[in-house]
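Visitor: A single structure is presented below for examination.
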Amino acid sequence: MPDQAATAANLKVLTSTYRELLDGIDAWFERCLQAAPPGLLACRKGCNACCRGLFDITLLDAFLLRAGFAQLAAPVQEQALARCRPRLLELQARWPELHHPYLLNTLPDDSWTAMPEDDQTPCPLLGTDGLCLIYPYRPMTCRLHGLPNLDPSGEDFSTDLCTLHPGDPHTLPAAVLRWPFRETFSREIALLRDFTRQLAGTPTCEADTFIPLALLADYAAVDWSKEVSPPLVGGD
């Protein structure tokens with residue numbers, strides 16, 4: 001039987017290493033903001049225009065944001081959870097087979113990888129002041145959104161650029177804008193595989209959920225060896 005204390009310690013180390021990777025992304029984003037001339041970018045503290053709708057996050061992101069969520073005061077937690085519950089009901093009405101702990105990979109990929117772009121429902125982790133309640137613990141996708149994700153090789157990993165920018169972020173100096181995204185994403189995948197191997201005994205990079213689902217799930221009660229399994233990761 002796996003040593004639960006050792007597993008918990010290994011998961012903590014992997015989560016800490018992942019946070020270091022995310023810190024590098026934050027530093028890149030901040031350098032871009034600092035290099036931008038006035039009027040070029042819309043990104044600023046208090047702007048939450050991209051914190052809308054549903055977007056998938058990895059199980060590693062989910063554990064990280066839950067660590068931040070656990071540090072919030074109980075009333076703040078309950079307010080956020082109250083905003084999550086209607087989302088769960090909505091998704092279970094759409095996907096009756098969606099079950100606890102609400103991993104999306106049991107569903108057809110095309111049903112959840114491209115959620116409606118016109119969904120303006122705020123993220124449940126937005127506070128009354130419009131700021132993220134768990135900002136240091138937010139998922140990777142939240143840190144990448146808005147600017148081009150250009151690798152030094154020239155490869156573009158961007159998915160969506162913020163449409164609110166008054167100018168073109170591609171005009172930022174290449175030395176600032178370009179970042180080793182290929183290496184960063186490769187490290188993310190390796191960490192996720194290590195994380196799921198420690199958690200469930202199965203290394204995979206196919207373990208995704210949505211933020212409201214991650215907050216509502218009781219991860220402590222999950223037998224992860226039954227949830228993260230070869231049927232879930234057959235193409236990995």
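Chains: A, B, ... in order of the structure tokens. Residues: from 1 per chain. Ligands: from 1, in order shown.
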Pro108 in chain A: which residues within 12 Å, counting only C-alpha atoms, same-chain residues fewer than 6 positions away excluded, as a ChimeraX atom specification?

Guide: /A:95,97-98,114,232

Visitor: Residues within 9 Å of Asp160 in chain A, please, as a compact mmCIF listing (two decimals) with all heavy atoms, in the first residue's frame. Count only C-alpha atoms; anything in the same chain fewer than 5 positions from it doesn't count.

Guide:
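Now in part22.txt:
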# COMPACT_ATOMS: atom_id res chain seq x y z
N HIS A 145 -3.02 34.35 -20.84
CA HIS A 145 -4.02 34.98 -21.71
C HIS A 145 -3.73 36.46 -21.92
O HIS A 145 -3.34 37.17 -21.01
CB HIS A 145 -5.42 34.84 -21.11
CG HIS A 145 -6.49 35.37 -21.99
ND1 HIS A 145 -7.00 34.66 -23.05
CD2 HIS A 145 -7.13 36.57 -22.01
CE1 HIS A 145 -7.92 35.39 -23.67
NE2 HIS A 145 -8.02 36.55 -23.06
N GLY A 146 -3.93 36.89 -23.16
CA GLY A 146 -3.86 38.32 -23.46
C GLY A 146 -2.70 38.73 -24.34
O GLY A 146 -2.81 39.65 -25.14
N LEU A 147 -1.54 38.04 -24.19
CA LEU A 147 -0.37 38.39 -24.97
C LEU A 147 0.03 37.23 -25.88
O LEU A 147 -0.25 36.07 -25.57
CB LEU A 147 0.81 38.73 -24.05
CG LEU A 147 0.66 39.99 -23.19
CD1 LEU A 147 1.90 40.17 -22.32
CD2 LEU A 147 0.43 41.22 -24.06
N PRO A 148 0.71 37.52 -26.99
CA PRO A 148 1.18 36.44 -27.87
C PRO A 148 2.15 35.53 -27.12
O PRO A 148 3.02 36.02 -26.39
CB PRO A 148 1.89 37.18 -29.01
CG PRO A 148 1.37 38.58 -28.96
CD PRO A 148 1.06 38.86 -27.52

Visitor: Near range 43-49 of chain A, within 8 Å and counting only C-alpha atoms, which residues show up once chain neighbours fewer than 5 positions away are dropped, as a ChimeraX atom specification?

Guide: /A:33,130-131,146,165

Visitor: Skipping near chain neighbours, those fewer than 3 positions away, what residues fall within 9 Å of Asp118 in chain A using only C-alpha atoms, listed as a PyMOL selection string?

Guide: chain A and resi 52-53+115

Visitor: Could you please take those selected residues and save N, CA, C and O atoms as a CSV table (one decimal), in the first residue's frame?

Guide:
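Here's the written file part-v4.csv:
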chain,number,residue,atom,x,y,z
A,52,ARG,N,-14.0,35.2,-17.5
A,52,ARG,CA,-15.4,35.0,-17.9
A,52,ARG,C,-15.5,33.6,-18.5
A,52,ARG,O,-14.6,33.1,-19.2
A,53,GLY,N,-16.6,32.9,-18.3
A,53,GLY,CA,-16.9,31.7,-19.0
A,53,GLY,C,-16.1,30.5,-18.3
A,53,GLY,O,-15.6,30.6,-17.2
A,115,MET,N,-15.6,25.7,-25.3
A,115,MET,CA,-16.8,26.1,-24.7
A,115,MET,C,-17.3,27.5,-25.3
A,115,MET,O,-16.4,28.2,-25.9

Visitor: Could you tell me how far CA of Ile189 in chain A lies from CA of Gln34 in chain A, in Å and to one decimal?

Guide: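 For CA of Ile189 in chain A relative to CA of Gln34 in chain A, the distance reads 29.3 Å.
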
Visitor: Quote the spacing between CA of Leu21 in chain A and CA of Trp224 in chain A in Å to one decimal place.

Guide: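 Computed distance, CA of Leu21 in chain A to CA of Trp224 in chain A, equals 24.8 Å.
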
Visitor: What is the distance between CA of Gln120 in chain A and CA of Ser158 in chain A, in Å to one decimal?

Guide: 21.4 Å

Visitor: Give me the residues near Gly154 in chain A as a PyMOL selection string, where near means some atom within 12 Å (using only C-alpha atoms) and where sequence neighbours in that chain fewer than 5 positions away do not count.

Guide: chain A and resi 148-149+170+174-175+177-182

Visitor: Of the candidates A:Pro124, A:Pro152, A:Pro203, A:Pro38, which shows the shortest atom-to-atom distance to Gln79 in chain A, using only C-alpha atoms?

Guide: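 Of A:Pro124, A:Pro152, A:Pro203, A:Pro38, the one nearest Gln79 in chain A is A:Pro124, counting only C-alpha atoms.
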
Visitor: Show me a table, sorted first by chain and then by increasing residue number, of the residues of range 75-134 of chain A having an atom at most 10 Å from range 58-71 of chain A, each with its shortest atom pair and the distance in Å to one decimal, counting only C-alpha atoms and written as CSV.

Guide:
residue,atom,partner,partner_atom,distance
A:Val76,CA,A:Phe69,CA,9.3
A:Gln77,CA,A:Phe69,CA,7.1
A:Ala80,CA,A:Phe69,CA,9.4
A:Leu103,CA,A:Leu59,CA,8.3
A:Leu104,CA,A:Thr58,CA,9.9
A:Leu125,CA,A:Phe69,CA,8.7
A:Leu133,CA,A:Phe69,CA,7.8
A:Ile134,CA,A:Gly68,CA,5.4

Visitor: Could the residues in this selection be saved with all heavy atoms as a CSV table (one decimal), in the first residue's frame?

Guide:
chain,number,residue,atom,x,y,z
A,76,VAL,N,-16.0,33.7,2.8
A,76,VAL,CA,-15.6,34.0,1.4
A,76,VAL,C,-15.6,32.7,0.6
A,76,VAL,O,-16.1,32.7,-0.6
A,76,VAL,CB,-14.2,34.7,1.4
A,76,VAL,CG1,-13.7,34.9,-0.1
A,76,VAL,CG2,-14.2,36.0,2.1
A,77,GLN,N,-15.2,31.6,1.2
A,77,GLN,CA,-15.2,30.3,0.5
A,77,GLN,C,-16.7,30.0,0.2
A,77,GLN,O,-17.0,29.5,-0.9
A,77,GLN,CB,-14.6,29.3,1.4
A,77,GLN,CG,-13.1,29.3,1.6
A,77,GLN,CD,-12.6,28.1,2.4
A,77,GLN,OE1,-13.3,27.1,2.6
A,77,GLN,NE2,-11.4,28.2,2.9
A,80,ALA,N,-18.0,31.9,-2.8
A,80,ALA,CA,-17.5,31.4,-4.0
A,80,ALA,C,-18.2,30.0,-4.4
A,80,ALA,O,-18.5,29.8,-5.6
A,80,ALA,CB,-16.0,31.2,-3.9
A,103,LEU,N,-13.7,15.1,-13.6
A,103,LEU,CA,-12.7,15.2,-14.6
A,103,LEU,C,-13.4,15.2,-16.0
A,103,LEU,O,-14.4,14.4,-16.2
A,103,LEU,CB,-11.7,14.0,-14.6
A,103,LEU,CG,-10.8,14.0,-13.3
A,103,LEU,CD1,-9.8,12.9,-13.4
A,103,LEU,CD2,-10.1,15.4,-13.1
A,104,LEU,N,-13.0,16.0,-16.9
A,104,LEU,CA,-13.7,16.2,-18.2
A,104,LEU,C,-13.2,15.1,-19.2
A,104,LEU,O,-13.9,15.0,-20.2
A,104,LEU,CB,-13.4,17.6,-18.7
A,104,LEU,CG,-13.8,18.7,-17.8
A,104,LEU,CD1,-13.2,20.0,-18.4
A,104,LEU,CD2,-15.3,18.8,-17.7
A,125,LEU,N,-14.1,32.8,-8.6
A,125,LEU,CA,-13.0,33.2,-7.7
A,125,LEU,C,-12.7,34.7,-7.9
A,125,LEU,O,-11.7,35.2,-7.4
A,125,LEU,CB,-11.8,32.4,-8.0
A,125,LEU,CG,-11.9,31.0,-7.5
A,125,LEU,CD1,-10.7,30.1,-8.0
A,125,LEU,CD2,-12.0,30.9,-6.0
A,133,LEU,N,-9.4,36.2,-6.1
A,133,LEU,CA,-9.3,35.8,-4.6
A,133,LEU,C,-8.1,35.0,-4.3
A,133,LEU,O,-7.6,34.9,-3.2
A,133,LEU,CB,-10.6,35.1,-4.2
A,133,LEU,CG,-11.9,35.9,-4.1
A,133,LEU,CD1,-13.0,34.9,-3.9
A,133,LEU,CD2,-11.8,37.0,-3.1
A,134,ILE,N,-7.6,34.2,-5.4
A,134,ILE,CA,-6.5,33.3,-5.2
A,134,ILE,C,-5.4,33.6,-6.2
A,134,ILE,O,-4.7,32.7,-6.7
A,134,ILE,CB,-6.9,31.9,-5.2
A,134,ILE,CG1,-7.8,31.6,-6.5
A,134,ILE,CG2,-7.8,31.5,-4.0
A,134,ILE,CD1,-7.0,31.0,-7.6

Visitor: Name the residues in contact with Leu40 in chain A at a cut-off of 10 Å, using only C-alpha atoms, excluding same-chain residues fewer than 3 positions from it; report them as an NGL selection string.

Guide: :A and (33 or 35-37 or 43 or 164-169 or 171-172)
